[in-house]
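Enquirer: Got a structure here, written out as structure tokens. Questions coming.
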Amino acid sequence: MPRTRVELPEAIDHLSILNEKGELDRPLEPAVPDDTLLRLHRTMLLARRFDERLLSLQRQGRIGTFPPIAGQEAAHLGAVAILRPSDWIVPAFREMAADIWRGRPLESIIVYNNGFNEGGRIPADRNDLPISIPVGSQILHAVGIAWAMKYRGRDDVAMAFFGDGATSQGDFHEALNFAGVFQVPAVFVCQNNQWAISIPRAKQTRTRTLAQKALAYGIAGIQVDGNDLLAVYAAADEAVQRARSGAGATLIECVTYRMAVHTTADDPKRYRTEAEVEQWRGRDPITRFQKYLAAKGLLDEQAIAAEEEAVQAEIQGAVERAEEEMKGLGDPLLMFEHAYAEMPAYLKEQREEFIRLQAEIGGEGRNG
Amino acid sequence: MPRTRVELPEAIDHLSILNEKGELDRPLEPAVPDDTLLRLHRTMLLARRFDERLLSLQRQGRIGTFPPIAGQEAAHLGAVAILRPSDWIVPAFREMAADIWRGRPLESIIVYNNGFNEGGRIPADRNDLPISIPVGSQILHAVGIAWAMKYRGRDDVAMAFFGDGATSQGDFHEALNFAGVFQVPAVFVCQNNQWAISIPRAKQTRTRTLAQKALAYGIAGIQVDGNDLLAVYAAADEAVQRARSGAGATLIECVTYRMAVHTTADDPKRYRTEAEVEQWRGRDPITRFQKYLAAKGLLDEQAIAAEEEAVQAEIQGAVERAEEEMKGLGDPLLMFEHAYAEMPAYLKEQREEFIRLQAEIGGEGRNG
Amino acid sequence: MAKMTMVQALNLALRQEMERDPDVVLLGEDIGLDGGVFRVTDGLVQQFGEKRVVDTPLAESGIVGMSIGMALYGLKPVAEIQFSGFSYYTLHQIENHAARLRWRSQGRYHVPLVMRAPYGGGVRALEHHSESRETFWSHIPGIKMVIPSGPRNARSLLVSAIRDPDPVVFYEPKALYRAFREEVPEAEETLPLSRSVVAREGRDLTLIAYGAMMRPTLAAAEELHRKHGVEAEVIDLLTVSPLDDALMVASARKTGRVAVVHEAPRSFGPGAEIVARLVEKAFYHLEVPVARVTGYDVVIPFFSRENHYLPGVPRIVHAARSLLAA
Amino acid sequence: MAKMTMVQALNLALRQEMERDPDVVLLGEDIGLDGGVFRVTDGLVQQFGEKRVVDTPLAESGIVGMSIGMALYGLKPVAEIQFSGFSYYTLHQIENHAARLRWRSQGRYHVPLVMRAPYGGGVRALEHHSESRETFWSHIPGIKMVIPSGPRNARSLLVSAIRDPDPVVFYEPKALYRAFREEVPEAEETLPLSRSVVAREGRDLTLIAYGAMMRPTLAAAEELHRKHGVEAEVIDLLTVSPLDDALMVASARKTGRVAVVHEAPRSFGPGAEIVARLVEKAFYHLEVPVARVTGYDVVIPFFSRENHYLPGVPRIVHAARSLLAA
Ligand SMILES: Cc1ncc(C[n+]2csc(CCOP(=O)(O)OP(=O)(O)O)c2C)c(N)n1
Ligand SMILES: Cc1ncc(C[n+]2csc(CCOP(=O)(O)OP(=O)(O)O)c2C)c(N)n1
Ligand SMILES: [Mg+2]
Ligand SMILES: [Mg+2]
């Protein structure tokens with residue numbers, strides 16, 4: 001009695017399946033159909049090349065600021081790959097490969113990044129939320145969606161994404177605690193990319209892992225090599241099964257790295273060394289996955305080259321379609337739409353005022 | 001490598017020294033001078049009887065709503081007992097025995113509870129914050145104070161109090177995480193009294209203990225029997241030493257029970273059974289401590305009776321002084337004070353307006 | 001028809017909407033067995049079970065953030081914040097998300113949540129339990145800020161708020177929770193949001209108020225009539241934002257003399273917007289400056305002094321008579 | 001004297017105050033090695049060390065809540081919130097505590113913190129990075145809401161804000177961070193908080209603005225002069241709250257024609273309070289209704305359309321000419 005150790009029912013594991021050399025831990029290999037493996041590869045490659053293209057469009061002033069994802073493709077794609085269309089994803093802002101996997105057209109990403117609200121539209125057949133910028137806040141939405149799924153008796157799950165920085169936010173805490181209390185079918189995927197802008201992981205929290213924060217909520221927690229698509233997939237599979245079976249939520253920490261700038265407005269040279277980045281370059285999730293596919297006989301140099309060409313063509317088409325589409329956008333009156341289901345009287349008056357003003361002071365540029 | 005258990009450096013202990021029968025675990029007995037033990041007993045008794053008196057004043061309409069502390073005396077008094085005057089305490093609203101220990105006059109508690117802002121005044125020689133009602137929010141203030149102590153190179157500590165319910169708040173999370181990252185000399189005392197109004201501890205969070213939440217912040221955590229003043233004292237001693245020595249913060253979960261209503265506006269019959277309350281009556285921190293003192297030869301029936309009489313006299317004096325004091329309070333112009341160091345022009349005008357109005361519509365009652 | 005307090009009327013609204021629509025769920029602190037600290041949800045957990053009347057952990061941002069998710073999925077969450085003084089914890093969820101998800105998704109999603117909270121002074125409460133900060137929510141595009149003034153309109157407005165496809169902040173004047181009873185029909189009643197009403201007709205001057213201030217304002221109008229032969233028109237906003245200015249403008253044009261009454265601090269308070277609208281739309285009809293009878297620019301004092309802070313009948317009558325004397 | 005951008009001028013203010021007073025400490029996200037995402041704190045961690053330039057975990061309520069504790073202990077924390085769109089996370093700390101601890105403790109404690117945040121549109125930023133919600137803070141008794149309009153007054157006001165014994169919310173117009181340079185003396189300069197200034201004298205009408213809107217407002221005044229022979233008086237609030245109405249009232253009495261310019265949404269925005277003050281104090285001098293040239297009651301659109309939302313020179317000129325035509 002007097003001074004005793006409290007035994008905790010939960011424990012935190014670390015999972016890795018494909019190591020940095022692309023070598024497989026065979027007993028842990030998840031059973032993924034070959035065509036899915038190839039689609040996953042294709043999506044990672046597409047996302048990587050599109051990211052690069054966006055960067056060059058941004059440098060040319062053809063789109064605005066955006067957050068590149070390079071290096072993190074496996075960390076989020078591996079997790080959504082296990083989902084059904086009826087599941088929901090609740091992204092932060094660095095999950096482009098997941099968005100693409102779920103069917104978001106590349107054009108819409110360009111349109112969004114060029115400052116058109118139209119780029120935020122989501123087709124009626126996808127159950128995904130738009131990008132959420134206020135760090136940590138969206139995790140609660142996933143809990144609410146998961147709660148509603150359970151309420152409706154569905155065996156779907158809600159999967160939320162966020163970064164290492166987000167784990168410091170109060171909303172992260174409230175979300176995971178609610179998820180534990182209500183035992184909702186949620187999966188929390190933390191893309192621990194080592195940095196929150198200039199703040200390194202070690203200054204974000206004193207804990208050894210982020211996964212262990214699950215112990216504060218009585219939910220499952222696991223840390224995985226986030227540059228190992230198979231490990232992410234396997235952990236997500238386990239978590240999704242747990243969720244679907246009614247056994248509650250899971251926190252998955254994907255240990256990965258942000259290879260590029262935080263956003264195009266950022267200059268990482270101010271706060272991190274090239275040596276660190278270099279070290280992570282050797283852990284690239286795509287080349288590692290390619291080695292695995294090659295070893296399985298699913299992919300060779302030639303096939304990779306063909307894929308590279310195909311994704312470039314796809315990207316080129318998207319850029320052209322987006323630039324065409326954007327010519328027709330920009331009607332300022334759109335700004336008065338979608339504030340409410342029905343436009344309030346005073347807002348209607350403001351809209352009228354705007355139209356009158358446009359006529360009187362010239363329709364060009366600032367109204368403004 | 002593949003699937004391995006993450007070893008956590010921290011562990012959570014449970015501590016109990018005086019059991020429910022008042023029996024001592026001798027090796028763990030903290031060295032507390034006899035006169036301090038007697039002062040602690042006196043303070044618990046005073047707080048208990050004053051709590052009862054406040055309840056009757058409230059029922060008579062002589063003060064407003066307040067949150068009784070009965071049952072929790074040891075859980076907070078044990079923790080502050082180890083502090084120096086230069087340490088700071090950051091209370092929630094259910095730490096009256098601690099307030100009294102730190103020198104708050106009983107009168108001021110009555111004046112506060114009767115809706116006079118004057119009751120919030122704190123003498124210049126005490127480093128305590130006033131009561132903080134927004135649950136969880138004050139924990140961050142303790143972190144800031146502790147940070148400032150470290151900045152100034154003092155070896156003082158800031159001790160924050162809060163309830164089980166508060167652990168669900170985002171601010172709790174942010175505070176403990178900051179404390180871990182900045183390694184500040186803070187002690188977080190959670191009075192887990194099993195209820196947050198009508199929400200039982202089990203619905204507040206799915207974890208086995210509250211203390212284990214420390215694992216999410218890389219700080220020390222310990223659970224103690226909160227009705228055992230010696231255990232609380234010993235845990236606080238350890239935590240305060242840790243803090244003073246620069247080794248960081250501690251979360252102490254004091255397992256206790258709210259014996260009375262949440263506040264005088266509450267009706268616990270709606271949500272908890274009399275049997276549960278009865279069970280906790282047997283664990284009363286005061287009778288348990290009295291048995292300990294009796295076994296030590298420091299207290300007997302007669303001495304207890306004398307103490308009872310003394311505290312009643314002290315309370316009676318305070319009630320009389322407070323009621324006398326309150327006759328002189330109520331000047332409405334006080335409401336314009338202490339908004340800013342210097343009163344802004346428009347507020348001065350409002351004050352003038354108020355004075356004019358008072359003259360024109362009569363100085364009585366509502367101005368209003 | 002039964003005579004009901006506002007608490008009972010709100011309870012009726014919740015019960016009937018829950019009976020009518022299985023997507024309506026309640027969540028908040030102590031709303032289950034405890035029935036809410038003011039008993040607005042009394043009996044509902046017994047009738048609908050813990051599945052639909054959800055006691056949450058103590059975390060306001062959590063409550064509202066989770067409600068947003070529920071609403072996105074198609075439910076109609078009604079979140080109770082125990083006191084409006086703790087609703088500030090939710091501002092980022094409301095401003096950054098609830099108010100914008102329709103807009104952000106260009107119409108794909110919407111957030112039909114209601115955030116209920118008792119607000120205002122006059123009940124001898126502790127610090128943080130008497131504030132009136134409806135301005136925060138009123139200033140946010142995409143949010144509706146509704147405040148009833150009596151049992152019957154409280155019921156109707158709450159029903160409308162629950163059915164409204166957009167997020168509604170619903171502040172309940174706790175001073176009126178049990179202050180008086182009104183006939184509230186069992187049969188369904190709704191009131192449009194974004195529409196104020198004339199609570200009393202008059203030709204001499206216009207008093208504009210809402211929520212708990214409607215009582216002293218109407219009492220002042222009565223006293224003006226009885227003692228001074230003055231006929232005050234009284235407008236009850238009901239929805240503070242989006243602000244319907246049609247009635248107030250019409251009334252101001254008719255009377256030329258207007259006072260606004262609210263308990264929120266004066267500066268940057270709702271009264272300012274009302275003055276601005278009247279200036280925009282009825283300027284040339286105003287005989288005298290619009291008066292603001294409001295809380296002062298201070299924190300509402302602890303309860304022994306709160307009656308000096310809160311506008312009351314004498315102050316409103318005084319302001320009205322000053323308008324007429326000018 | 002050196003020609004400085006606003007970013008440099010703010011940096012100078014911070015540096016000099018830190019040199020002068022060891023109690024001044026900075027905290028926030030990315031303010032150390034990164035120098036803040038806008039580089040306002042550039043070089044400071046190198047000069048003062050991590051002990052005084054503190055990179056925090058990503059938690060706004062934490063930053064401000066901790067600052068409150070630091071301030072209570074006697075330090076002078078200057079907290080940076082990376083964008084004002086994320087300052088809402090701190091409302092409960094500001095309203096429930098920072099604004100009240102002086103009052104709650106009846107003068108024993110006070111909270112000399114500054115919460116800095118870039119606000120406003122015009123820099124082609126992402127969602128949540130262009131808002132203007134100074135109303136939230138302006139409505140809170142106990143808080144000062146300060147917004148500079150150029151490098152020189154930014155420096156002086158920030159120095160004053162740091163020295164002020166009360167909590168100051170300091171919104172920096174990010175559109176002006178690097179938009180132009182001004183001479184900023186190396187020697188100490190302060191400006192009183194709660195005092196607006198006449199930025200341009202004129203007799204025909206009054207334009208009231210602050211922050212980023214001062215530029216188009218002054219440009220509009222120039223155009224009115226040049227093209228239309230109209231002399232606009234321009235008032236720069238500098239401190240939005242507590243609102244100093246002396247200058248604007250004097251100006252309105254002189255010109256009788258007033259327009260308020262701000263980028264915040266119109267309804268329940270700062271312009272409403274300005275109209276209300278003018279009605280209270282200059283009603284009989286107003287020839288025409290006070291005009292509000294503001295953002296619309298919508299979320300500021302993504303950057304391709306934001307210029308249609310933001311008031312600009314043509315709109316201000318148009319409003320001014322309409323005032324004169326009426
Ligand atoms: C509440 C909030 N605070 C600050 C920011 C500014 N900001 C954008 S991203 C970011 C860092 C996020 O770090 P992390 O969560 O690790 O995600 P990552 O960017 O690494 O993907 C910050 C501080 C924000 N968007 N939201
Ligand atoms: C932020 C906030 N939300 C709600 C309340 C209303 N409230 C006051 S005390 C309380 C329960 C607190 O529970 P706990 O933290 O366990 O402390 P206890 O009352 O048991 O001492 C609640 C919900 C509040 N004061 N602050
Ligand atoms: Mg990160
Ligand atoms: Mg409790």
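By convention here, the chains of the structure tokens are called A, B, ... in the order presented, each chain's residues are numbered starting at 1, and ligands are numbered starting at 1 in the order presented.
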Using only C-alpha atoms, find which residues of chain C lie within 8 Å of chain A and jot them down as an NGL selection string.
Expert: :C and (51 or 56-57 or 59 or 61-62 or 65-73 or 75 or 93 or 96 or 99-100 or 102-108 or 141-142 or 165-166 or 194 or 242-244)
Enquirer: Export, as a JSON list (two decimals), in the first residue's frame, the selected residues with N, CA and C atoms.
Expert:
[["chain", "number", "residue", "atom", "x", "y", "z"],
["C", 51, "LYS", "N", -27.38, 8.72, -24.64],
["C", 51, "LYS", "CA", -26.90, 8.78, -26.01],
["C", 51, "LYS", "C", -27.21, 10.14, -26.64],
["C", 56, "THR", "N", -20.40, 16.04, -20.84],
["C", 56, "THR", "CA", -19.04, 16.05, -21.38],
["C", 56, "THR", "C", -18.02, 16.30, -20.27],
["C", 57, "PRO", "N", -16.78, 15.99, -20.54],
["C", 57, "PRO", "CA", -15.71, 16.50, -19.67],
["C", 57, "PRO", "C", -15.73, 18.03, -19.67],
["C", 59, "ALA", "N", -14.56, 21.05, -20.67],
["C", 59, "ALA", "CA", -13.70, 21.62, -21.71],
["C", 59, "ALA", "C", -14.59, 22.29, -22.76],
["C", 61, "SER", "N", -13.91, 24.42, -25.32],
["C", 61, "SER", "CA", -13.48, 24.34, -26.71],
["C", 61, "SER", "C", -13.79, 22.95, -27.23],
["C", 62, "GLY", "N", -13.58, 21.97, -26.38],
["C", 62, "GLY", "CA", -13.91, 20.59, -26.75],
["C", 62, "GLY", "C", -15.38, 20.43, -27.08],
["C", 65, "GLY", "N", -15.95, 22.43, -30.37],
["C", 65, "GLY", "CA", -15.22, 21.81, -31.48],
["C", 65, "GLY", "C", -15.84, 20.48, -31.87],
["C", 66, "MET", "N", -16.21, 19.69, -30.86],
["C", 66, "MET", "CA", -16.86, 18.42, -31.16],
["C", 66, "MET", "C", -18.23, 18.65, -31.81],
["C", 67, "SER", "N", -18.93, 19.66, -31.35],
["C", 67, "SER", "CA", -20.24, 19.98, -31.94],
["C", 67, "SER", "C", -20.10, 20.33, -33.41],
["C", 68, "ILE", "N", -19.03, 21.02, -33.74],
["C", 68, "ILE", "CA", -18.82, 21.36, -35.15],
["C", 68, "ILE", "C", -18.71, 20.09, -35.97],
["C", 69, "GLY", "N", -17.93, 19.13, -35.48],
["C", 69, "GLY", "CA", -17.82, 17.86, -36.19],
["C", 69, "GLY", "C", -19.16, 17.15, -36.31],
["C", 70, "MET", "N", -19.90, 17.13, -35.22],
["C", 70, "MET", "CA", -21.22, 16.49, -35.25],
["C", 70, "MET", "C", -22.11, 17.15, -36.29],
["C", 71, "ALA", "N", -22.06, 18.47, -36.31],
["C", 71, "ALA", "CA", -22.91, 19.22, -37.23],
["C", 71, "ALA", "C", -22.48, 18.97, -38.68],
["C", 72, "LEU", "N", -21.18, 18.88, -38.90],
["C", 72, "LEU", "CA", -20.70, 18.62, -40.26],
["C", 72, "LEU", "C", -21.21, 17.27, -40.75],
["C", 73, "TYR", "N", -21.34, 16.35, -39.82],
["C", 73, "TYR", "CA", -21.79, 15.01, -40.21],
["C", 73, "TYR", "C", -23.30, 14.95, -40.42],
["C", 75, "LEU", "N", -25.66, 15.98, -37.83],
["C", 75, "LEU", "CA", -26.46, 16.08, -36.61],
["C", 75, "LEU", "C", -26.77, 17.54, -36.31],
["C", 93, "GLN", "N", -12.85, 28.36, -32.06],
["C", 93, "GLN", "CA", -13.64, 27.35, -32.78],
["C", 93, "GLN", "C", -14.79, 28.02, -33.54],
["C", 96, "ASN", "N", -12.95, 30.68, -36.23],
["C", 96, "ASN", "CA", -12.12, 30.03, -37.24],
["C", 96, "ASN", "C", -12.84, 28.92, -38.00],
["C", 99, "ALA", "N", -18.20, 29.50, -38.06],
["C", 99, "ALA", "CA", -18.69, 30.61, -38.88],
["C", 99, "ALA", "C", -18.30, 30.48, -40.35],
["C", 100, "ARG", "N", -17.35, 29.60, -40.66],
["C", 100, "ARG", "CA", -16.74, 29.64, -41.98],
["C", 100, "ARG", "C", -16.82, 28.36, -42.78],
["C", 102, "ARG", "N", -19.19, 26.64, -44.03],
["C", 102, "ARG", "CA", -20.03, 26.76, -45.23],
["C", 102, "ARG", "C", -19.28, 27.49, -46.33],
["C", 103, "TRP", "N", -18.68, 28.58, -45.93],
["C", 103, "TRP", "CA", -17.96, 29.44, -46.86],
["C", 103, "TRP", "C", -16.69, 28.75, -47.34],
["C", 104, "ARG", "N", -15.95, 28.16, -46.39],
["C", 104, "ARG", "CA", -14.68, 27.53, -46.78],
["C", 104, "ARG", "C", -14.90, 26.41, -47.78],
["C", 105, "SER", "N", -16.00, 25.67, -47.57],
["C", 105, "SER", "CA", -16.25, 24.54, -48.48],
["C", 105, "SER", "C", -17.15, 24.97, -49.64],
["C", 106, "GLN", "N", -17.39, 26.26, -49.75],
["C", 106, "GLN", "CA", -18.22, 26.81, -50.83],
["C", 106, "GLN", "C", -19.57, 26.09, -50.92],
["C", 107, "GLY", "N", -20.16, 25.92, -49.72],
["C", 107, "GLY", "CA", -21.52, 25.41, -49.69],
["C", 107, "GLY", "C", -21.64, 23.91, -49.50],
["C", 108, "ARG", "N", -20.53, 23.19, -49.58],
["C", 108, "ARG", "CA", -20.64, 21.74, -49.41],
["C", 108, "ARG", "C", -21.05, 21.38, -47.98],
["C", 141, "PRO", "N", -18.90, 37.47, -38.96],
["C", 141, "PRO", "CA", -19.72, 37.10, -40.12],
["C", 141, "PRO", "C", -19.95, 35.59, -40.11],
["C", 142, "GLY", "N", -21.17, 35.19, -40.35],
["C", 142, "GLY", "CA", -21.48, 33.76, -40.39],
["C", 142, "GLY", "C", -22.15, 33.25, -39.13],
["C", 165, "PRO", "N", -30.01, 26.31, -40.38],
["C", 165, "PRO", "CA", -28.88, 25.58, -40.96],
["C", 165, "PRO", "C", -27.51, 26.18, -40.60],
["C", 166, "ASP", "N", -27.51, 27.30, -39.92],
["C", 166, "ASP", "CA", -26.23, 27.95, -39.61],
["C", 166, "ASP", "C", -25.99, 28.01, -38.10],
["C", 194, "SER", "N", -33.25, 36.86, -37.12],
["C", 194, "SER", "CA", -33.04, 38.08, -37.90],
["C", 194, "SER", "C", -34.31, 38.91, -38.06],
["C", 242, "PRO", "N", -27.42, 38.59, -37.33],
["C", 242, "PRO", "CA", -27.43, 39.80, -38.16],
["C", 242, "PRO", "C", -28.56, 40.72, -37.71],
["C", 243, "LEU", "N", -28.22, 41.97, -37.58],
["C", 243, "LEU", "CA", -29.15, 42.94, -37.01],
["C", 243, "LEU", "C", -30.19, 43.37, -38.04],
["C", 244, "ASP", "N", -31.42, 43.19, -37.65],
["C", 244, "ASP", "CA", -32.54, 43.67, -38.47],
["C", 244, "ASP", "C", -32.80, 45.11, -38.10]]
Enquirer: Can you list, as an MDAnalysis selection string, every protein, DNA or RNA residue that comes within 8 Å of segment 209-220 of chain A when you count only C-alpha atoms, leaving out same-chain residues fewer than 4 positions away?
Expert: (chainID A and resid 10:12 164 167 176:177 180 248:253) or (chainID B and resid 205:208 210 212:217)
Enquirer: Pick from B:Arg272, B:Arg59, B:Lys296, B:Arg201: nearest to ligand 2, with only C-alpha atoms and all ligand atoms counted?
Expert: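 Residue with the minimum atom-to-atom distance to ligand 2: B:Arg201.
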Enquirer: Can you list every residue in segment 96-318 of chain D that DSSP puts in helix (DSSP H, G or I), as a PyMOL selection string?
Expert: chain D and resi 96-98+101-104+134-138+151-163+174-176+211-228+246-255+270-285+306-309+313-318
Enquirer: In Å, rounded to a single decimal, give me how far atom CA of Asn193 of chain A is from atom CA of Asp228 of chain A.
Expert: 13.4 Å
Enquirer: For ligand 3, return the neighbouring residues as a compact mmCIF listing (two decimals) with N, CA and C atoms, in the first residue's frame (distance at most 7 Å; only C-alpha atoms and all ligand atoms).
Expert:
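Result written to pocket-v7.txt:
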# COMPACT_ATOMS: atom_id res chain seq x y z
N GLY A 163 0.29 17.96 -36.94
CA GLY A 163 1.74 17.87 -36.81
C GLY A 163 2.20 17.71 -35.37
N ASP A 164 3.51 17.61 -35.21
CA ASP A 164 4.09 17.55 -33.86
C ASP A 164 3.76 18.81 -33.08
N GLY A 165 3.79 19.95 -33.75
CA GLY A 165 3.47 21.20 -33.05
C GLY A 165 2.07 21.19 -32.49
N GLN A 191 1.71 13.63 -37.80
CA GLN A 191 2.90 13.63 -38.66
C GLN A 191 3.99 14.39 -37.92
N ASN A 192 4.77 13.66 -37.16
CA ASN A 192 5.87 14.29 -36.45
C ASN A 192 7.03 14.48 -37.42
N ASN A 193 7.06 15.66 -38.02
CA ASN A 193 8.11 15.94 -39.02
C ASN A 193 9.26 16.70 -38.40
N GLN A 194 9.37 16.62 -37.10
CA GLN A 194 10.52 17.15 -36.32
C GLN A 194 10.52 18.66 -36.14
N TRP A 195 9.73 19.35 -36.88
CA TRP A 195 9.75 20.80 -36.80
C TRP A 195 8.34 21.38 -36.84
N ALA A 196 8.15 22.41 -36.07
CA ALA A 196 6.96 23.25 -36.17
C ALA A 196 7.52 24.62 -36.55
N ILE A 197 7.51 24.91 -37.81
CA ILE A 197 8.30 26.00 -38.36
C ILE A 197 9.73 25.84 -37.81
Enquirer: Chain D near ligand 1 within 12 Å: what's each residue's closest atom pair and its distance in Å to one decimal, counting only C-alpha atoms and all ligand atoms, ordered by chain then ascending residue number, as a Markdown table?
Expert:
| residue | atom | partner | partner_atom_place_in_ligand_line | distance |
| --- | --- | --- | --- | --- |
| D:Gly28 | CA | ligand 1 | 23 (C) | 9.5 |
| D:Glu29 | CA | ligand 1 | 23 (C) | 6.2 |
| D:Asp30 | CA | ligand 1 | 23 (C) | 7.4 |
| D:Ile31 | CA | ligand 1 | 23 (C) | 10.6 |
| D:Asp34 | CA | ligand 1 | 23 (C) | 11.6 |
| D:Gly36 | CA | ligand 1 | 23 (C) | 10.2 |
| D:Val37 | CA | ligand 1 | 6 (C) | 9.0 |
| D:Phe38 | CA | ligand 1 | 6 (C) | 11.8 |
| D:Asp55 | CA | ligand 1 | 23 (C) | 10.9 |
| D:Thr56 | CA | ligand 1 | 23 (C) | 10.0 |
| D:Pro57 | CA | ligand 1 | 23 (C) | 8.8 |
| D:Leu58 | CA | ligand 1 | 23 (C) | 6.0 |
| D:Ala59 | CA | ligand 1 | 1 (C) | 6.9 |
| D:Glu60 | CA | ligand 1 | 1 (C) | 6.7 |
| D:Ser61 | CA | ligand 1 | 1 (C) | 9.4 |
| D:Gly62 | CA | ligand 1 | 1 (C) | 11.2 |
| D:Ile63 | CA | ligand 1 | 3 (N) | 10.8 |
| D:Glu80 | CA | ligand 1 | 4 (C) | 10.4 |
| D:Ile81 | CA | ligand 1 | 4 (C) | 7.4 |
| D:Gln82 | CA | ligand 1 | 4 (C) | 5.8 |
| D:Phe83 | CA | ligand 1 | 4 (C) | 6.9 |
| D:Ser84 | CA | ligand 1 | 3 (N) | 9.3 |
| D:Gly85 | CA | ligand 1 | 2 (C) | 8.0 |
| D:Phe86 | CA | ligand 1 | 1 (C) | 5.0 |
| D:Ser87 | CA | ligand 1 | 1 (C) | 7.9 |
| D:Tyr88 | CA | ligand 1 | 1 (C) | 8.8 |
| D:Tyr89 | CA | ligand 1 | 1 (C) | 7.3 |
| D:Thr90 | CA | ligand 1 | 1 (C) | 10.1 |
| D:Ala117 | CA | ligand 1 | 4 (C) | 11.0 |
| D:Pro118 | CA | ligand 1 | 6 (C) | 11.8 |
| D:Ala125 | CA | ligand 1 | 25 (N) | 11.7 |
| D:Leu126 | CA | ligand 1 | 25 (N) | 9.5 |
| D:Glu127 | CA | ligand 1 | 25 (N) | 9.3 |
| D:His128 | CA | ligand 1 | 25 (N) | 8.0 |
| D:His129 | CA | ligand 1 | 25 (N) | 8.6 |
Enquirer: If we count only C-alpha atoms, which residues of chain D reach to within 7 Å of chain C? Please list them as a PyMOL selection string.
Expert: chain D and resi 88-89+91-92+135-136+138-139+141+267-270+272-273+275-276+279-280+283+289-290+297-299
Enquirer: Under the rule that only C-alpha atoms are counted, which of B:Thr36, B:Thr65, B:Ser86, B:Gln204 is the nearest residue to chain A?
Expert: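 Closest to chain A of all the choices is B:Gln204.
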Enquirer: Using only C-alpha atoms, pick whichever of A:Asn19, A:Gln316, A:Gln290, A:Ser198 has the shortest atom-to-atom distance to chain B.
Expert: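 The answer is A:Asn19, which sits nearest to chain B.
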Enquirer: Name the residues in contact with Asp25 of chain A at a cut-off of 10 Å, using only C-alpha atoms, excluding same-chain residues fewer than 6 positions from it; report them as a list of chain:residue names.
Expert: A:Ser16, A:Ile17, A:Leu18, A:Asn19, B:Met1, B:Pro2, B:Arg3
Enquirer: Kindly save the residues from that selection, with N, CA and C atoms included, as an mmCIF file, in the first residue's frame.
Expert:
data_model
loop_
_atom_site.group_PDB
_atom_site.id
_atom_site.type_symbol
_atom_site.label_atom_id
_atom_site.label_comp_id
_atom_site.auth_asym_id
_atom_site.auth_seq_id
_atom_site.Cartn_x
_atom_site.Cartn_y
_atom_site.Cartn_z
ATOM 1 N N SER A 16 8.266 -0.584 -37.128
ATOM 2 C CA SER A 16 9.020 -0.327 -38.354
ATOM 3 C C SER A 16 9.011 -1.621 -39.156
ATOM 4 N N ILE A 17 8.733 -1.553 -40.442
ATOM 5 C CA ILE A 17 8.620 -2.787 -41.238
ATOM 6 C C ILE A 17 9.645 -2.816 -42.359
ATOM 7 N N LEU A 18 9.703 -1.698 -43.091
ATOM 8 C CA LEU A 18 10.721 -1.562 -44.148
ATOM 9 C C LEU A 18 11.812 -0.670 -43.590
ATOM 10 N N ASN A 19 13.013 -1.140 -43.474
ATOM 11 C CA ASN A 19 14.024 -0.255 -42.896
ATOM 12 C C ASN A 19 14.567 0.726 -43.940
ATOM 13 N N MET B 1 14.201 -4.131 -33.453
ATOM 14 C CA MET B 1 13.711 -2.917 -34.120
ATOM 15 C C MET B 1 12.219 -2.998 -34.463
ATOM 16 N N PRO B 2 11.814 -3.986 -35.286
ATOM 17 C CA PRO B 2 10.487 -3.975 -35.890
ATOM 18 C C PRO B 2 9.344 -3.515 -34.963
ATOM 19 N N ARG B 3 8.961 -4.325 -33.987
ATOM 20 C CA ARG B 3 7.920 -3.856 -33.082
ATOM 21 C C ARG B 3 8.442 -3.959 -31.672
#
Enquirer: Which residue out of B:Ala79, B:Ile63, B:Leu57, B:Ala166 has the minimum interatomic distance to chain A when only C-alpha atoms are used?
Expert: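 Smallest separation from chain A among the options: B:Ala166.
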